[in-house]
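entry16.cif follows (mmCIF, C-alpha atoms):
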data_input
loop_
_atom_site.label_atom_id
_atom_site.label_comp_id
_atom_site.auth_asym_id
_atom_site.auth_seq_id
_atom_site.Cartn_x
_atom_site.Cartn_y
_atom_site.Cartn_z
CA MET Y 19 -58.10 202.92 -34.20
CA LEU Y 20 -55.71 205.46 -35.64
CA ALA Y 21 -52.68 204.04 -33.85
CA ALA Y 22 -52.12 201.16 -36.24
CA PRO Y 23 -52.12 203.27 -39.44
CA LEU Y 24 -49.80 205.78 -37.79
CA LYS Y 25 -47.41 203.04 -36.79
CA ARG Y 26 -47.49 201.57 -40.27
CA SER Y 27 -46.85 205.04 -41.74
CA ALA Y 28 -43.93 205.67 -39.42
CA PHE Y 29 -42.50 202.23 -40.18
CA GLY Y 30 -42.84 202.93 -43.87
CA LEU Y 31 -40.92 206.20 -43.47
CA ARG Y 32 -38.17 204.45 -41.52
CA SER Y 33 -37.96 201.71 -44.14
CA SER Y 34 -37.65 204.14 -47.03
CA ALA Y 35 -35.04 206.16 -45.15
CA ALA Y 36 -33.08 203.00 -44.49
CA LEU Y 37 -32.94 202.32 -48.23
CA LEU Y 38 -31.26 205.70 -48.93
CA LYS Y 39 -27.74 204.51 -48.20
CA ARG Y 40 -24.57 205.88 -49.68
CA GLY Y 41 -22.51 203.82 -52.09
CA LYS Y 42 -19.09 204.15 -53.69
CA ALA Y 43 -20.66 205.87 -56.69
CA ASP Y 44 -21.69 208.78 -54.43
CA ILE Y 45 -18.11 209.48 -53.38
CA THR Y 46 -15.41 211.19 -55.46
CA ILE Y 47 -11.82 211.32 -54.19
CA ARG Y 48 -9.56 213.81 -55.93
CA LYS Y 49 -6.14 212.28 -56.56
CA THR Y 50 -4.22 215.57 -56.59
CA THR Y 51 -5.57 217.04 -53.32
CA GLY Y 52 -7.12 214.05 -51.56
CA ASP Y 53 -10.45 215.87 -51.20
CA VAL Y 54 -13.44 213.60 -50.59
CA LEU Y 55 -16.62 214.82 -52.31
CA VAL Y 56 -19.91 213.25 -51.20
CA GLY Y 57 -23.04 213.64 -53.29
CA ARG Y 58 -26.45 214.51 -51.88
CA GLY Y 59 -29.78 213.33 -53.21
CA THR Y 60 -30.51 211.04 -56.11
CA TYR Y 61 -28.23 211.21 -59.13
CA GLY Y 62 -29.17 213.78 -61.75
CA ARG Y 63 -30.33 217.32 -62.22
CA GLN Y 64 -32.33 217.58 -58.98
CA SER Y 65 -29.40 216.65 -56.76
CA TRP Y 66 -25.83 217.67 -55.96
CA ASN Y 67 -23.03 215.24 -56.73
CA GLY Y 68 -20.69 217.04 -54.32
CA GLN Y 69 -18.71 218.74 -57.08
CA THR Y 70 -18.43 222.43 -57.93
CA ALA Y 71 -17.02 223.52 -61.29
CA THR Y 72 -16.08 226.93 -62.65
CA VAL Y 73 -16.36 227.25 -66.43
CA PHE Y 74 -14.55 230.26 -67.91
CA GLY Y 75 -15.68 231.03 -71.45
CA CYS Y 76 -19.14 229.65 -70.65
CA SER Y 77 -20.93 232.05 -73.00
CA GLY Y 78 -19.12 230.71 -76.07
CA PHE Y 79 -20.08 227.98 -78.52
CA LEU Y 80 -18.61 225.07 -76.55
CA GLY Y 81 -19.29 226.64 -73.14
CA ARG Y 82 -23.07 226.23 -73.19
CA TYR Y 83 -22.76 222.51 -73.94
CA VAL Y 84 -20.20 221.95 -71.17
CA VAL Y 85 -22.33 223.85 -68.62
CA ALA Y 86 -25.49 221.98 -69.65
CA ARG Y 87 -23.79 218.59 -69.28
CA LEU Y 88 -22.29 219.43 -65.88
CA ALA Y 89 -25.53 220.89 -64.52
CA ARG Y 90 -27.55 217.94 -65.80
CA GLU Y 91 -25.36 215.59 -63.75
CA GLY Y 92 -25.93 217.55 -60.55
CA THR Y 93 -22.74 219.62 -60.51
CA LYS Y 94 -22.90 223.12 -59.10
CA VAL Y 95 -21.55 225.35 -61.89
CA ILE Y 96 -20.04 228.81 -61.51
CA VAL Y 97 -20.35 230.70 -64.80
CA PRO Y 98 -18.07 233.79 -64.87
CA TYR Y 99 -19.03 236.31 -67.53
CA ARG Y 100 -17.75 239.61 -68.91
CA GLY Y 101 -20.16 242.21 -70.19
CA LEU Y 102 -23.93 241.86 -69.98
CA TYR Y 103 -25.80 239.36 -67.82
CA GLU Y 104 -27.90 238.46 -70.88
CA TYR Y 105 -24.85 236.62 -72.28
CA VAL Y 106 -25.22 233.86 -69.66
CA ARG Y 107 -28.89 234.10 -68.67
CA HIS Y 108 -29.80 231.19 -70.94
CA LEU Y 109 -27.48 228.91 -68.96
CA ARG Y 110 -29.40 229.08 -65.68
CA PRO Y 111 -32.27 226.74 -66.71
CA THR Y 112 -29.75 224.01 -67.61
CA GLY Y 113 -29.43 223.22 -63.89
CA ASP Y 114 -31.73 223.08 -60.89
CA LEU Y 115 -32.58 226.19 -58.87
CA GLY Y 116 -29.37 227.76 -57.52
CA MET Y 117 -27.05 225.23 -59.21
CA VAL Y 118 -25.87 227.56 -62.02
CA VAL Y 119 -24.38 230.70 -60.48
CA PRO Y 120 -23.37 233.65 -62.75
CA MET Y 121 -20.49 235.82 -61.49
CA GLU Y 122 -19.15 238.91 -63.21
CA PHE Y 123 -15.38 238.99 -63.67
CA ASP Y 124 -12.54 240.60 -65.57
CA LEU Y 125 -9.71 238.47 -66.94
CA ARG Y 126 -7.23 241.14 -65.83
CA ASN Y 127 -8.51 241.23 -62.23
CA PRO Y 128 -6.92 238.48 -60.05
CA LYS Y 129 -9.26 239.18 -57.13
CA GLN Y 130 -12.37 238.53 -59.22
CA ILE Y 131 -10.85 235.34 -60.66
CA ASP Y 132 -10.10 234.14 -57.13
CA GLU Y 133 -13.74 234.76 -56.14
CA CYS Y 134 -14.87 232.60 -59.07
CA VAL Y 135 -12.64 229.59 -58.26
CA ARG Y 136 -12.40 229.79 -54.45
CA TYR Y 137 -15.01 227.09 -53.74
CA SER Y 138 -14.54 224.96 -56.86
CA ASP Y 139 -12.76 221.62 -57.16
CA VAL Y 140 -12.72 221.76 -60.98
CA VAL Y 141 -11.87 224.72 -63.22
CA ILE Y 142 -12.42 224.54 -66.98
CA ASN Y 143 -10.90 227.28 -69.12
CA LEU Y 144 -12.58 227.62 -72.52
CA ILE Y 145 -11.55 231.23 -73.18
CA GLY Y 146 -10.18 231.79 -76.68
CA ARG Y 147 -10.37 234.28 -79.54
CA ASN Y 148 -9.85 234.19 -83.30
CA TYR Y 149 -9.22 237.92 -83.54
CA GLU Y 150 -7.71 240.71 -81.44
CA THR Y 151 -9.35 243.81 -80.03
CA LYS Y 152 -7.91 247.06 -78.66
CA ASN Y 153 -8.31 245.75 -75.08
CA PHE Y 154 -7.44 242.08 -75.53
CA SER Y 155 -4.59 240.88 -77.71
CA PHE Y 156 -3.86 237.18 -78.28
CA GLU Y 157 -1.04 237.36 -75.75
CA LYS Y 158 -3.34 238.81 -73.07
CA VAL Y 159 -6.04 236.18 -73.65
CA HIS Y 160 -4.24 232.97 -74.62
CA ILE Y 161 -1.01 233.36 -72.61
CA GLU Y 162 -1.36 235.84 -69.75
CA GLY Y 163 -5.03 235.11 -69.10
CA ALA Y 164 -4.59 231.34 -69.14
CA ARG Y 165 -1.53 231.57 -66.86
CA ARG Y 166 -3.36 233.86 -64.43
CA ILE Y 167 -6.38 231.56 -64.14
CA ALA Y 168 -4.16 228.48 -63.69
CA GLU Y 169 -1.98 230.15 -61.04
CA ILE Y 170 -4.92 231.42 -59.00
CA SER Y 171 -6.73 228.08 -59.28
CA HIS Y 172 -3.67 226.21 -58.03
CA ALA Y 173 -3.22 228.64 -55.13
CA ALA Y 174 -6.91 228.26 -54.22
CA GLY Y 175 -6.53 224.47 -53.90
CA VAL Y 176 -8.48 223.49 -57.00
CA SER Y 177 -8.16 219.75 -57.68
CA ARG Y 178 -8.53 219.61 -61.46
CA PHE Y 179 -7.77 222.11 -64.20
CA ILE Y 180 -8.85 221.53 -67.82
CA HIS Y 181 -7.54 223.94 -70.46
CA MET Y 182 -9.04 224.15 -73.94
CA SER Y 183 -6.65 224.68 -76.86
CA ASN Y 184 -6.61 224.01 -80.60
CA LEU Y 185 -5.59 220.95 -82.62
CA ASN Y 186 -3.20 223.14 -84.64
CA ALA Y 187 -1.66 224.90 -81.64
CA ARG Y 188 2.09 224.87 -82.39
CA THR Y 189 4.85 227.37 -81.74
CA ASN Y 190 5.80 227.33 -85.44
CA ALA Y 191 2.27 227.78 -86.81
CA ASP Y 192 1.56 230.47 -89.41
CA ALA Y 193 -1.47 231.90 -87.58
CA LYS Y 194 -0.71 234.09 -84.56
CA SER Y 195 -3.70 232.80 -82.59
CA LEU Y 196 -2.38 229.22 -82.88
CA VAL Y 197 1.13 230.25 -81.79
CA THR Y 198 -0.16 232.03 -78.69
CA LYS Y 199 -2.36 229.06 -77.82
CA ALA Y 200 0.70 226.80 -77.92
CA PHE Y 201 2.58 229.13 -75.55
CA GLY Y 202 -0.54 229.29 -73.39
CA GLU Y 203 -0.43 225.50 -72.98
CA GLN Y 204 3.14 225.78 -71.70
CA ARG Y 205 2.23 228.48 -69.16
CA VAL Y 206 -0.72 226.43 -67.91
CA ARG Y 207 1.46 223.36 -67.34
CA GLU Y 208 4.02 225.46 -65.48
CA SER Y 209 1.39 227.15 -63.31
CA PHE Y 210 -0.80 224.12 -62.59
CA PRO Y 211 1.01 220.73 -62.48
CA GLY Y 212 -1.38 217.99 -63.49
CA ALA Y 213 -3.51 220.19 -65.74
CA ASN Y 214 -5.27 218.59 -68.68
CA ILE Y 215 -4.85 220.08 -72.16
CA VAL Y 216 -7.66 219.46 -74.65
CA ARG Y 217 -6.96 220.25 -78.31
CA SER Y 218 -10.02 220.19 -80.49
CA ALA Y 219 -10.45 220.38 -84.25
CA THR Y 220 -13.10 222.63 -85.81
CA MET Y 221 -16.45 221.99 -84.10
CA TYR Y 222 -19.87 221.89 -85.69
CA GLY Y 223 -23.31 222.20 -84.10
CA TYR Y 224 -26.38 224.42 -83.95
CA GLU Y 225 -24.42 227.66 -83.42
CA ASP Y 226 -21.26 226.77 -85.35
CA GLU Y 227 -19.27 228.81 -87.84
CA LEU Y 228 -18.70 225.92 -90.22
CA LEU Y 229 -21.95 224.42 -91.51
CA ASN Y 230 -24.15 227.40 -90.66
CA ASN Y 231 -21.80 229.86 -92.35
CA ILE Y 232 -22.04 227.84 -95.56
CA GLY Y 233 -25.83 227.69 -95.40
CA LYS Y 234 -26.19 231.34 -94.41
CA ASN Y 235 -23.89 232.57 -97.19
CA LYS Y 236 -24.97 230.07 -99.82
CA TYR Y 237 -25.36 232.79 -102.47
CA CYS Y 238 -21.81 234.11 -101.98
CA TYR Y 239 -19.49 231.97 -99.89
CA LEU Y 240 -15.90 233.21 -99.86
CA THR Y 241 -13.11 230.63 -99.97
CA VAL Y 242 -9.34 230.66 -100.34
CA ASN Y 243 -7.01 228.13 -101.92
CA LYS Y 244 -9.95 226.74 -103.94
CA ALA Y 245 -11.52 225.35 -100.74
CA GLN Y 246 -8.79 222.71 -100.41
CA ARG Y 247 -8.18 223.29 -96.71
CA LYS Y 248 -8.07 219.95 -94.83
CA LEU Y 249 -10.42 219.64 -91.84
CA ARG Y 250 -11.19 217.08 -89.11
CA PRO Y 251 -14.56 218.46 -87.87
CA VAL Y 252 -16.02 217.12 -84.61
CA CYS Y 253 -19.46 217.54 -83.07
CA VAL Y 254 -19.50 220.05 -80.21
CA SER Y 255 -21.52 217.66 -78.02
CA ASP Y 256 -18.77 215.04 -78.40
CA VAL Y 257 -16.17 217.54 -77.16
CA ALA Y 258 -18.37 218.47 -74.19
CA HIS Y 259 -18.83 214.76 -73.45
CA ALA Y 260 -15.06 214.26 -73.53
CA ILE Y 261 -14.46 217.13 -71.11
CA GLY Y 262 -17.02 215.62 -68.75
CA LYS Y 263 -15.28 212.24 -68.91
CA ILE Y 264 -11.89 213.82 -68.23
CA ARG Y 265 -13.30 215.59 -65.20
CA ASP Y 266 -14.81 212.39 -63.77
CA ASP Y 267 -11.80 210.11 -64.30
CA GLU Y 268 -8.96 210.70 -61.84
CA ASP Y 269 -6.63 208.55 -63.96
CA THR Y 270 -6.62 211.28 -66.63
CA VAL Y 271 -4.74 213.82 -64.47
CA GLY Y 272 -2.01 215.57 -66.47
CA LEU Y 273 -2.88 213.98 -69.82
CA THR Y 274 -3.23 215.79 -73.15
CA TYR Y 275 -6.14 215.00 -75.46
CA GLU Y 276 -6.57 215.67 -79.17
CA LEU Y 277 -10.18 215.45 -80.31
CA PHE Y 278 -10.61 215.14 -84.07
CA ASN Y 279 -12.63 213.30 -86.68
CA PRO Y 280 -10.99 210.04 -87.83
CA LYS Y 281 -11.97 211.06 -91.38
CA GLN Y 282 -10.32 213.89 -93.24
CA TYR Y 283 -12.35 216.32 -95.35
CA THR Y 284 -11.51 219.25 -97.56
CA GLN Y 285 -13.56 222.40 -97.27
CA LYS Y 286 -14.95 221.61 -100.72
CA ASP Y 287 -16.19 218.22 -99.45
CA ILE Y 288 -18.14 219.94 -96.69
CA ILE Y 289 -19.57 222.55 -99.07
CA ASP Y 290 -20.73 219.75 -101.41
CA LEU Y 291 -22.30 217.95 -98.46
CA VAL Y 292 -24.18 221.06 -97.34
CA GLN Y 293 -25.56 221.85 -100.79
CA PHE Y 294 -26.62 218.22 -101.19
CA PHE Y 295 -28.56 218.33 -97.92
CA ILE Y 296 -30.23 221.73 -98.43
CA HIS Y 297 -31.07 221.04 -102.11
CA GLU Y 298 -29.51 224.29 -103.27
CA ASN Y 299 -26.25 225.27 -104.90
CA VAL Y 300 -23.68 227.03 -102.76
CA TRP Y 301 -22.02 229.68 -104.88
CA ARG Y 302 -18.33 229.60 -104.01
CA VAL Y 303 -16.23 232.68 -104.71
CA ASN Y 304 -12.54 231.88 -104.53
CA VAL Y 305 -10.51 234.93 -103.47
CA PRO Y 306 -6.70 235.13 -103.43
CA SER Y 307 -5.60 234.86 -99.83
CA SER Y 308 -3.35 237.94 -100.04
CA LEU Y 309 -6.22 240.07 -101.36
CA LEU Y 310 -8.68 238.78 -98.76
CA ARG Y 311 -6.16 239.33 -95.99
CA LEU Y 312 -5.56 242.91 -97.14
CA ALA Y 313 -9.30 243.60 -97.22
CA ALA Y 314 -9.76 242.05 -93.76
CA LYS Y 315 -6.93 244.18 -92.39
CA ALA Y 316 -8.70 247.28 -93.65
CA VAL Y 317 -11.95 246.17 -92.00
CA ASP Y 318 -10.08 245.70 -88.70
CA VAL Y 319 -10.12 249.46 -88.13
CA LEU Y 320 -13.93 249.53 -87.87
CA PRO Y 321 -15.34 249.78 -84.32
CA TYR Y 322 -17.29 246.50 -84.56
CA HIS Y 323 -15.97 243.09 -85.55
CA TYR Y 324 -16.80 241.89 -89.05
CA THR Y 325 -13.71 239.91 -89.93
CA SER Y 326 -9.98 239.99 -89.26
CA HIS Y 327 -6.78 239.15 -91.13
CA HIS Y 328 -6.07 236.66 -88.31
CA GLU Y 329 -9.18 234.73 -89.33
CA VAL Y 330 -7.94 234.66 -92.92
CA ASP Y 331 -4.72 233.06 -91.63
CA LEU Y 332 -6.84 230.38 -89.93
CA MET Y 333 -8.63 229.72 -93.23
CA LEU Y 334 -5.27 228.59 -94.65
CA ALA Y 335 -4.33 226.27 -91.75
CA ASP Y 336 -4.84 222.55 -92.41
CA GLU Y 337 -5.88 220.47 -89.40
CA PHE Y 338 -3.57 217.61 -88.45
CA PRO Y 339 -3.09 215.75 -85.16
CA SER Y 340 0.37 215.94 -83.65
CA GLY Y 341 1.09 212.22 -83.95
CA ASP Y 342 2.55 212.13 -80.42
CA PRO Y 343 1.97 208.60 -79.00
CA ALA Y 344 1.52 210.06 -75.49
CA VAL Y 345 -1.49 212.11 -76.60
CA GLN Y 346 -4.94 210.61 -75.95
CA THR Y 347 -7.96 210.68 -78.27
CA PHE Y 348 -11.70 209.96 -78.24
CA ALA Y 349 -10.94 206.24 -78.27
CA ASP Y 350 -9.07 206.44 -74.95
CA LEU Y 351 -12.19 207.96 -73.37
CA GLY Y 352 -14.48 205.32 -74.85
CA ILE Y 353 -16.33 207.87 -77.01
CA GLN Y 354 -17.46 207.16 -80.56
CA PRO Y 355 -17.69 210.59 -82.28
CA HIS Y 356 -20.70 211.42 -84.44
CA THR Y 357 -20.46 210.88 -88.18
CA LEU Y 358 -20.58 214.21 -90.01
CA GLU Y 359 -22.68 212.84 -92.86
CA LEU Y 360 -25.36 211.61 -90.44
CA ALA Y 361 -25.34 214.52 -87.99
CA ALA Y 362 -24.97 217.56 -90.30
CA LEU Y 363 -28.53 217.80 -91.60
CA GLN Y 364 -30.15 218.55 -88.22
CA TYR Y 365 -27.99 221.70 -87.94
CA ILE Y 366 -28.65 223.09 -91.45
CA ARG Y 367 -32.13 221.81 -92.28
CA HIS Y 368 -33.62 225.31 -91.87
CA TYR Y 369 -31.64 226.49 -94.93
CA ARG Y 370 -33.69 224.25 -97.23
CA PRO Y 371 -36.24 225.80 -99.60
CA PRO Y 372 -39.86 225.48 -98.40
CA GLN Y 373 -40.69 222.71 -100.88
CA HIS Y 374 -38.00 220.49 -99.33
CA GLU Y 375 -38.72 221.28 -95.68
CA GLU Y 376 -40.50 217.96 -95.08
CA ASP Y 377 -37.94 215.78 -96.83
CA PRO Y 378 -36.53 212.93 -94.71
CA MET Y 379 -33.61 213.60 -92.38
CA GLU Y 380 -31.50 210.97 -94.15
CA PRO Y 381 -31.90 211.60 -97.90
CA ARG Y 382 -30.86 208.96 -100.36
CA GLY Y 383 -27.34 209.21 -101.59
CA TYR Y 384 -25.70 210.64 -98.45
CA LYS Y 385 -23.46 207.55 -98.21
CA ALA Y 386 -21.66 208.76 -101.32
CA PHE Y 387 -20.11 211.49 -99.19
CA ARG Y 388 -18.66 209.15 -96.58
CA LYS Y 389 -14.91 209.50 -96.23
CA PRO Y 390 -12.56 206.66 -95.23
CA PRO Y 391 -10.77 207.03 -91.88
CA VAL Y 392 -7.25 208.42 -92.02
CA PRO Y 393 -4.62 206.70 -89.82
CA VAL Y 394 -3.11 208.88 -87.10
CA ASN Y 395 0.43 208.19 -88.27
CA ASN Y 396 -0.29 209.71 -91.67
CA LYS Y 397 2.82 210.89 -93.50
CA ASP Y 398 1.28 214.36 -93.81
CA ILE Y 399 1.24 214.89 -90.06
CA VAL Y 400 3.44 217.75 -88.95
CA ALA Y 401 4.78 217.54 -85.40
#
Take the structure from the file and write it as structure tokens.
Amino acid sequence: MLAAPLKRSAFGLRSSAALLKRGKADITIRKTTGDVLVGRGTYGRQSWNGQTATVFGCSGFLGRYVVARLAREGTKVIVPYRGLYEYVRHLRPTGDLGMVVPMEFDLRNPKQIDECVRYSDVVINLIGRNYETKNFSFEKVHIEGARRIAEISHAAGVSRFIHMSNLNARTNADAKSLVTKAFGEQRVRESFPGANIVRSATMYGYEDELLNNIGKNKYCYLTVNKAQRKLRPVCVSDVAHAIGKIRDDEDTVGLTYELFNPKQYTQKDIIDLVQFFIHENVWRVNVPSSLLRLAAKAVDVLPYHYTSHHEVDLMLADEFPSGDPAVQTFADLGIQPHTLELAALQYIRHYRPPQHEEDPMEPRGYKAFRKPPVPVNNKDIVA
């Protein structure tokens, strides 16, 4: 009597197993090395898509979004960190058990870097600084560190290398951090042929230093040049999405991407937008750049970071795309970036007074702050 149910059960198991067949979507072939990566399990967080990625700079603002996106798609992610384990502990729940692996490393130690990239087919370098310390100058981080990671990754047989830079990275820039990032791009291309360079404008999001700094310092917000600095802010999740698309598409090997908002804003426009959304005035204090730079240089001698004269130099740098026709943008990846006027409120809503906490997420009048798109071949673009 039990034979028939057992047979039916066994047949059902065989039938379901027969349905779990592999398709082309489960296979990734790396163009540069010819490696064939086969996924295991169903697509998504509780599976492995056959890919292993190492994300340097994972504890930074952009890093947590890149790791979360990769882990959510079933990629095994190596997260190298410097300092305390608590800096990357929050990244482990973004992936399934054992899929996000923290590894301690030192940027000056080639052996530790090799251990981090040895089993990876993709390496993403997001390491960057806006100020120098006694142990790490801009040259050591943006040039020597980037070159070392690229060289070791290439020697280890890594298929793809994605290097994060800045939209204003040019060898003739006024800010030292931007100059070193431009030279870092050159060293990466020399050390890893086929590397992708991603240049991003200022990013905004939950942990940003753009919108949140305005809301946090609304009673005394320091500006230079009467807040006329030109910006092309992009949402951090859009940049993470773009990096994920670059990693997945083998036709993007060796391309350079500039990720920026099609609309141009001044810093004053963004301050006005923030104070409109939080229903409070933002008290701007315009300080001469030379005086602020002198004060920041004096603060540099303190043991902990408060500000730096290098960051004052960045406050004076307008954001413009290069205008190079060979450079790709969001449009080439099929990504429509978020609109600042629609996305900003969710990141700064907690700065509203209590009586406005329950106001709608899209208050009336926000359309007045919409800016028209600026063509890429704008006459103000500096190559």
Evaluating the PyMOL selection byres ((chain Y and resi 64-81) around 9) on the displayed file yields which residues, as an mmCIF file with C-alpha atoms, in the coordinates of the input?
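This went into part-v4.cif:
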data_model
loop_
_atom_site.group_PDB
_atom_site.id
_atom_site.type_symbol
_atom_site.label_atom_id
_atom_site.label_comp_id
_atom_site.auth_asym_id
_atom_site.auth_seq_id
_atom_site.Cartn_x
_atom_site.Cartn_y
_atom_site.Cartn_z
ATOM 1 C CA ASP Y 44 -21.690 208.780 -54.430
ATOM 2 C CA ILE Y 45 -18.110 209.480 -53.380
ATOM 3 C CA THR Y 46 -15.410 211.190 -55.460
ATOM 4 C CA VAL Y 54 -13.440 213.600 -50.590
ATOM 5 C CA LEU Y 55 -16.620 214.820 -52.310
ATOM 6 C CA VAL Y 56 -19.910 213.250 -51.200
ATOM 7 C CA GLY Y 57 -23.040 213.640 -53.290
ATOM 8 C CA ARG Y 58 -26.450 214.510 -51.880
ATOM 9 C CA GLY Y 59 -29.780 213.330 -53.210
ATOM 10 C CA THR Y 60 -30.510 211.040 -56.110
ATOM 11 C CA TYR Y 61 -28.230 211.210 -59.130
ATOM 12 C CA GLY Y 62 -29.170 213.780 -61.750
ATOM 13 C CA ARG Y 63 -30.330 217.320 -62.220
ATOM 14 C CA ARG Y 82 -23.070 226.230 -73.190
ATOM 15 C CA TYR Y 83 -22.760 222.510 -73.940
ATOM 16 C CA VAL Y 84 -20.200 221.950 -71.170
ATOM 17 C CA VAL Y 85 -22.330 223.850 -68.620
ATOM 18 C CA ALA Y 86 -25.490 221.980 -69.650
ATOM 19 C CA LEU Y 88 -22.290 219.430 -65.880
ATOM 20 C CA ARG Y 90 -27.550 217.940 -65.800
ATOM 21 C CA GLU Y 91 -25.360 215.590 -63.750
ATOM 22 C CA GLY Y 92 -25.930 217.550 -60.550
ATOM 23 C CA THR Y 93 -22.740 219.620 -60.510
ATOM 24 C CA LYS Y 94 -22.900 223.120 -59.100
ATOM 25 C CA VAL Y 95 -21.550 225.350 -61.890
ATOM 26 C CA ILE Y 96 -20.040 228.810 -61.510
ATOM 27 C CA VAL Y 97 -20.350 230.700 -64.800
ATOM 28 C CA PRO Y 98 -18.070 233.790 -64.870
ATOM 29 C CA TYR Y 99 -19.030 236.310 -67.530
ATOM 30 C CA TYR Y 105 -24.850 236.620 -72.280
ATOM 31 C CA VAL Y 106 -25.220 233.860 -69.660
ATOM 32 C CA LEU Y 109 -27.480 228.910 -68.960
ATOM 33 C CA GLY Y 113 -29.430 223.220 -63.890
ATOM 34 C CA ASP Y 114 -31.730 223.080 -60.890
ATOM 35 C CA LEU Y 115 -32.580 226.190 -58.870
ATOM 36 C CA MET Y 117 -27.050 225.230 -59.210
ATOM 37 C CA CYS Y 134 -14.870 232.600 -59.070
ATOM 38 C CA VAL Y 135 -12.640 229.590 -58.260
ATOM 39 C CA TYR Y 137 -15.010 227.090 -53.740
ATOM 40 C CA SER Y 138 -14.540 224.960 -56.860
ATOM 41 C CA ASP Y 139 -12.760 221.620 -57.160
ATOM 42 C CA VAL Y 140 -12.720 221.760 -60.980
ATOM 43 C CA VAL Y 141 -11.870 224.720 -63.220
ATOM 44 C CA ILE Y 142 -12.420 224.540 -66.980
ATOM 45 C CA ASN Y 143 -10.900 227.280 -69.120
ATOM 46 C CA LEU Y 144 -12.580 227.620 -72.520
ATOM 47 C CA ILE Y 145 -11.550 231.230 -73.180
ATOM 48 C CA GLY Y 146 -10.180 231.790 -76.680
ATOM 49 C CA MET Y 221 -16.450 221.990 -84.100
ATOM 50 C CA GLY Y 223 -23.310 222.200 -84.100
ATOM 51 C CA GLU Y 225 -24.420 227.660 -83.420
ATOM 52 C CA ASP Y 226 -21.260 226.770 -85.350
ATOM 53 C CA VAL Y 254 -19.500 220.050 -80.210
ATOM 54 C CA SER Y 255 -21.520 217.660 -78.020
ATOM 55 C CA VAL Y 257 -16.170 217.540 -77.160
ATOM 56 C CA ALA Y 258 -18.370 218.470 -74.190
#
Shell around Glu104 of chain Y at 12 Å using only C-alpha atoms, local window under 6 positions removed, as an MDAnalysis selection string: chainID Y and resid 77 110 120 122
Could the centre and edge lengths of an axis-aligned box, enclosing all atoms of segment 47-60 of chain Y in the file with 3 Å extra on each side, be given in Å to one decimal as JSON?
{"center_x": -17.4, "center_y": 214.0, "center_z": -53.6, "size_x": 32.3, "size_y": 12.0, "size_z": 12.0}
Gap from atom CA of Gly272 of chain Y to atom CA of Met121 of chain Y - Å, one decimal: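 If I compute the distance from atom CA of Gly272 of chain Y to atom CA of Met121 of chain Y, I get 27.9 Å.
Among the candidates Y:Arg126, Y:Tyr237, Y:Leu277, Y:Arg107, the one nearest to Asn153 of chain Y when counting only C-alpha atoms is Y:Arg126.
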Ref. answer, residues at most 12 Å from (-20.0, 217.7, -98.5) with all atoms listed in the file, as a ChimeraX atom specification: /Y:228-229,232-233,245,249,251,282-296,299-300,358-360,362-363,383-389
Hits from the PyMOL selection byres ((chain Y and resi 348-356) around 12), listed as a ChimeraX atom specification: /Y:216-218,221-223,250-267,269-270,273-281,343-347,357-362
Nearest candidate to Asn127 of chain Y (options Y:Glu162, Y:Asn148, Y:Val242, Y:Arg367; using only C-alpha atoms):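 The closest residue to Asn127 of chain Y is Y:Glu162.
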Expected selection from the PyMOL selection byres ((chain Y and resi 184) around 8), given as a list in words: Met182, Ser183, Leu185, Asn186, Ala187, Leu196, Lys199, Val216, Arg217, Ser218 and Ala219 of chain Y
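For the pair atom CA of Ile215 of chain Y and atom CA of Arg178 of chain Y, the separation is 11.3 Å.
Using all atoms listed in the file for every distance, the candidate list Y:Tyr149, Y:Phe154, Y:Phe201, Y:Tyr103 yields Y:Tyr149 as the residue closest to His323 of chain Y.
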Pick from Y:Thr220, Y:Pro378, Y:Met333, Y:Ala174, whichever lies nearest to Glu133 of chain Y using only C-alpha atoms: Y:Ala174
Distance in Å - atom CA of Pro128 of chain Y versus atom CA of Arg166 of chain Y: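 That distance, rounded to one decimal, is 7.3 Å.
The smallest atom-to-atom distance between Lys244 of chain Y and any of Y:Gly52, Y:Pro372, Y:Pro306, Y:Gly341, using only C-alpha atoms, is found for Y:Pro306.
Near Ala191 of chain Y, within 12 Å and counting all atoms listed in the file, sit Asn184, Leu185, Asn186, Ala187, Arg188, Thr189, Ala193, Lys194, Ser195, Leu196, Val197, Thr198, Lys199, Ala200, Phe201, Asp331, Leu332, Leu334, Ala335, Asp336, Glu337, Phe338, Val400 and Ala401 of chain Y; same-chain residues fewer than 2 positions away were not included.
Closest approach to Ala89 of chain Y from the set Y:Thr112, Y:Gln204, Y:Ser340, Y:Ser307 is made by Y:Thr112, with distances taken over all atoms listed in the file.
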